[in-house]
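Student: Quick one: the structure is below, and I'll ask about it shortly.
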Amino acid sequence: MNLHEYQGKEILAGFGVRVQRGVVAHNPQEAVAAAKQLTQETGTGWHVIKAQIHAGGRGKGGGVKLAKDLKQVEELAEQIIGMNLVTPQTSAEGKKVHQVLVAEDVYYPGDSETSEFYMSVLLNRSKGRNMIMYSTEGGMDIEEVAEKTPHLIFTEEIDPAVGLMPFQARRIAFNLGLSGNAFKEMVKFVSSLYTAYIKSDASLFEINPVLKTSDDKIMAVDAKVTIDDNALFRHKDYAEMRDLREENPIEVEAKAVGLNYVDLDGNVGCMVNGAGLAMATMDLIKQAGGEPANFLDVGGTADAKRVETAFRIILKDPNVKAILINIFGGIVRCDRVAQGIVDAYKNMGDAIKVPIIVRLQGTNAEIAKELIDNSGLAVHSAVQFQEAADKVKEVLS
């Protein structure tokens, strides 16, 4: 589950991480009130107006602006709220901005120069360990740094048996070229950030930039946070932070009816029972010359109602040119699934306008094939994996 910047900062602050303070506003009037509140609480004279969407690169798309007075706060909030913000991480249509974060200006003059760093905490899946990735080259173009100057990207792997050790936090501060109070602040920042990552059951904390202010404070100016969905039962307060407006509407609908659905960019819809079989089915489609349009696991039951719901969700994608149903009948009998498919197809009438390939294997597979073949419907049946692949190739060509 992705969070907005202001939500990620709330979590960070709760674990003692210093953050750029801000107030959320949903309209220009609220933005002005937020700016006044921040000035009173922090003394800031300028304010940063930041679009709140689930995508990075907001500054490049015009979603982050500096306001030097209250009039500009109102004007910029009016300009940003309601716009379709296009960034390198959104589609060509962009994402609609529903709210902005009015934040304090932390680039104030002082005894030293400000510095921007990059830092993220995530899982290194190849080694089964969490790691902290960081760089001296923070800011908007961290992707270019990784591509063109990878030697400027550092990593610190954490042994899960002992957690982040003090010497590792000190090494990070040293590699970032810090000294004095800024060094001490960074050590504390890194330790608190890792604690926040672990205790919030996150899969990603990305801070870009981490700022060293002109008076040697270390703070998170941005926060990209992803919480592990499987751990939300432990964090009811985090679950309430979910913004469904930012998520794929088809995926939201599928989740509401208990289907595991992930939208993809291909042309062959998948309806499968079991995540492993679903992954194999996606490979099968690619080998047959197609591209999977989705991942859809219907689970252990596949009655007529559930199959019909899955059909309707798959067909919401206009790019789908065929549907492959691949069911292994272990707990569920194949003939019952076949009858469910036939009934669902008849219930939907003319709503299904693409070829359907059904591969049923397991208990009563042969009976299921007869049911499909004798239904009189435009459904292609298969028993073997390769047979299903050949039929996918046939209907696509």
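Order determines the names: the first chain of the structure tokens is A, the second B, and so forth; residues in each chain are numbered 1 upward, and ligands are numbered 1 upward as they are shown.
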I'd like the neighbourhood of Glu366 in chain A as JSON, numbers by chain, where a residue qualifies if any of its atoms comes within 12 Å (using only C-alpha atoms), though same-chain residues fewer than 2 positions away should be ignored.
Tutor: {"A": [329, 333, 334, 335, 338, 359, 360, 361, 362, 363, 364, 368, 369, 370, 371, 372, 373, 381, 382, 383, 384]}
Student: From a DSSP pass on the backbone, collect the residues of range 126-293 of chain A flagged as strand (DSSP E or B) and hand them back as a PyMOL selection string.
Tutor: chain A and resi 129-135+153-158+202-212+218-220+224-227+260-263+268-272+292
Student: Just the helix (DSSP H, G or I) stuff from range 286-378 of chain A, please, per backbone DSSP, written as a VMD selection string.
Tutor: chain A and resid 286 to 287 304 to 314 334 to 351 365 to 373
Student: For N, CA and C atoms, I'd like the residues from the last selection saved as a CSV table (one decimal), in the first residue's frame.
Tutor:
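Listing of again.csv after writing:
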```csv
chain,number,residue,atom,x,y,z
A,286,LYS,N,3.1,-15.7,-22.9
A,286,LYS,CA,4.3,-15.1,-23.6
A,286,LYS,C,4.9,-16.0,-24.6
A,287,GLN,N,5.1,-17.3,-24.2
A,287,GLN,CA,5.6,-18.2,-25.1
A,287,GLN,C,4.8,-18.5,-26.4
A,304,ALA,N,-20.2,-20.3,-10.6
A,304,ALA,CA,-20.7,-19.4,-11.7
A,304,ALA,C,-20.6,-17.9,-11.4
A,305,LYS,N,-21.0,-17.6,-10.2
A,305,LYS,CA,-21.0,-16.2,-9.8
A,305,LYS,C,-19.6,-15.6,-9.7
A,306,ARG,N,-18.7,-16.4,-9.2
A,306,ARG,CA,-17.3,-15.9,-9.1
A,306,ARG,C,-16.6,-15.8,-10.4
A,307,VAL,N,-16.9,-16.8,-11.3
A,307,VAL,CA,-16.4,-16.7,-12.7
A,307,VAL,C,-16.9,-15.5,-13.4
A,308,GLU,N,-18.2,-15.3,-13.3
A,308,GLU,CA,-18.9,-14.2,-14.0
A,308,GLU,C,-18.2,-12.8,-13.5
A,309,THR,N,-18.0,-12.7,-12.2
A,309,THR,CA,-17.4,-11.5,-11.7
A,309,THR,C,-16.0,-11.3,-12.3
A,310,ALA,N,-15.3,-12.4,-12.3
A,310,ALA,CA,-13.9,-12.4,-12.9
A,310,ALA,C,-13.9,-12.0,-14.4
A,311,PHE,N,-14.9,-12.6,-15.1
A,311,PHE,CA,-15.1,-12.2,-16.5
A,311,PHE,C,-15.3,-10.7,-16.7
A,312,ARG,N,-16.2,-10.2,-15.9
A,312,ARG,CA,-16.6,-8.7,-16.0
A,312,ARG,C,-15.4,-7.8,-15.7
A,313,ILE,N,-14.6,-8.2,-14.7
A,313,ILE,CA,-13.4,-7.4,-14.4
A,313,ILE,C,-12.4,-7.5,-15.5
A,314,ILE,N,-12.1,-8.7,-16.0
A,314,ILE,CA,-11.1,-8.8,-17.1
A,314,ILE,C,-11.5,-8.0,-18.3
A,334,CYS,N,-13.2,-30.2,-11.5
A,334,CYS,CA,-13.2,-29.5,-12.8
A,334,CYS,C,-14.6,-29.4,-13.5
A,335,ASP,N,-15.4,-30.5,-13.3
A,335,ASP,CA,-16.7,-30.4,-13.9
A,335,ASP,C,-17.6,-29.3,-13.3
A,336,ARG,N,-17.4,-29.0,-12.0
A,336,ARG,CA,-18.1,-27.9,-11.4
A,336,ARG,C,-17.6,-26.6,-11.9
A,337,VAL,N,-16.3,-26.5,-12.1
A,337,VAL,CA,-15.8,-25.2,-12.6
A,337,VAL,C,-16.3,-25.0,-14.1
A,338,ALA,N,-16.3,-26.1,-14.9
A,338,ALA,CA,-16.8,-26.0,-16.2
A,338,ALA,C,-18.2,-25.6,-16.3
A,339,GLN,N,-19.0,-26.1,-15.4
A,339,GLN,CA,-20.5,-25.7,-15.4
A,339,GLN,C,-20.6,-24.3,-15.0
A,340,GLY,N,-19.7,-23.8,-14.0
A,340,GLY,CA,-19.7,-22.4,-13.6
A,340,GLY,C,-19.4,-21.5,-14.8
A,341,ILE,N,-18.4,-21.9,-15.6
A,341,ILE,CA,-18.0,-21.1,-16.8
A,341,ILE,C,-19.1,-21.1,-17.8
A,342,VAL,N,-19.8,-22.2,-18.1
A,342,VAL,CA,-20.9,-22.2,-19.0
A,342,VAL,C,-22.0,-21.3,-18.5
A,343,ASP,N,-22.4,-21.4,-17.2
A,343,ASP,CA,-23.5,-20.6,-16.7
A,343,ASP,C,-23.1,-19.2,-16.7
A,344,ALA,N,-21.9,-18.8,-16.4
A,344,ALA,CA,-21.5,-17.4,-16.4
A,344,ALA,C,-21.5,-16.9,-17.8
A,345,TYR,N,-21.1,-17.6,-18.8
A,345,TYR,CA,-21.1,-17.2,-20.2
A,345,TYR,C,-22.5,-16.9,-20.6
A,346,LYS,N,-23.4,-17.8,-20.3
A,346,LYS,CA,-24.8,-17.6,-20.7
A,346,LYS,C,-25.4,-16.4,-20.0
A,347,ASN,N,-25.1,-16.2,-18.7
A,347,ASN,CA,-25.7,-15.1,-18.0
A,347,ASN,C,-25.2,-13.7,-18.6
A,348,MET,N,-24.0,-13.7,-19.1
A,348,MET,CA,-23.5,-12.5,-19.6
A,348,MET,C,-23.9,-12.1,-21.0
A,349,GLY,N,-24.6,-13.1,-21.7
A,349,GLY,CA,-25.1,-12.8,-23.0
A,349,GLY,C,-24.1,-12.4,-24.0
A,350,ASP,N,-24.3,-11.2,-24.6
A,350,ASP,CA,-23.3,-10.7,-25.7
A,350,ASP,C,-22.2,-9.9,-25.1
A,351,ALA,N,-22.1,-9.9,-23.8
A,351,ALA,CA,-21.0,-9.0,-23.2
A,351,ALA,C,-19.6,-9.6,-23.5
A,365,ALA,N,-11.4,-33.9,-15.1
A,365,ALA,CA,-11.0,-33.0,-16.2
A,365,ALA,C,-11.7,-33.4,-17.5
A,366,GLU,N,-11.7,-34.7,-17.8
A,366,GLU,CA,-12.3,-35.2,-19.1
A,366,GLU,C,-13.8,-34.9,-19.1
A,367,ILE,N,-14.5,-35.0,-18.0
A,367,ILE,CA,-15.9,-34.7,-18.0
A,367,ILE,C,-16.1,-33.2,-18.2
A,368,ALA,N,-15.2,-32.4,-17.6
A,368,ALA,CA,-15.3,-31.0,-17.8
A,368,ALA,C,-15.1,-30.6,-19.2
A,369,LYS,N,-14.2,-31.2,-19.9
A,369,LYS,CA,-13.9,-30.9,-21.3
A,369,LYS,C,-15.2,-31.2,-22.2
A,370,GLU,N,-15.9,-32.3,-21.8
A,370,GLU,CA,-17.1,-32.7,-22.6
A,370,GLU,C,-18.2,-31.6,-22.3
A,371,LEU,N,-18.3,-31.1,-21.1
A,371,LEU,CA,-19.2,-30.1,-20.8
A,371,LEU,C,-19.0,-28.8,-21.6
A,372,ILE,N,-17.8,-28.4,-21.7
A,372,ILE,CA,-17.4,-27.2,-22.5
A,372,ILE,C,-17.7,-27.5,-23.9
A,373,ASP,N,-17.2,-28.6,-24.5
A,373,ASP,CA,-17.4,-28.9,-25.9
A,373,ASP,C,-18.8,-29.0,-26.3
```
Student: Using only C-alpha atoms, which protein or nucleic acid residues come within 8 Å of Leu193 in chain A? Drop anything in the same chain fewer than 6 positions from it, and give the result as number ranges by chain.
Tutor: A: 12, 15, 17
Student: Mind checking which residues fall within 7 Å of range 30-36 of chain A, counting only C-alpha atoms, ignoring those fewer than 3 positions away in the same chain, and posting them as a list in words?
Tutor: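 Skipping anything fewer than 3 positions along the chain leaves Val23, Ala25, His26, Asn27, Thr39, Gln40, His47, Leu70, Val73, Glu74, Ala77 and Val102 of chain A.
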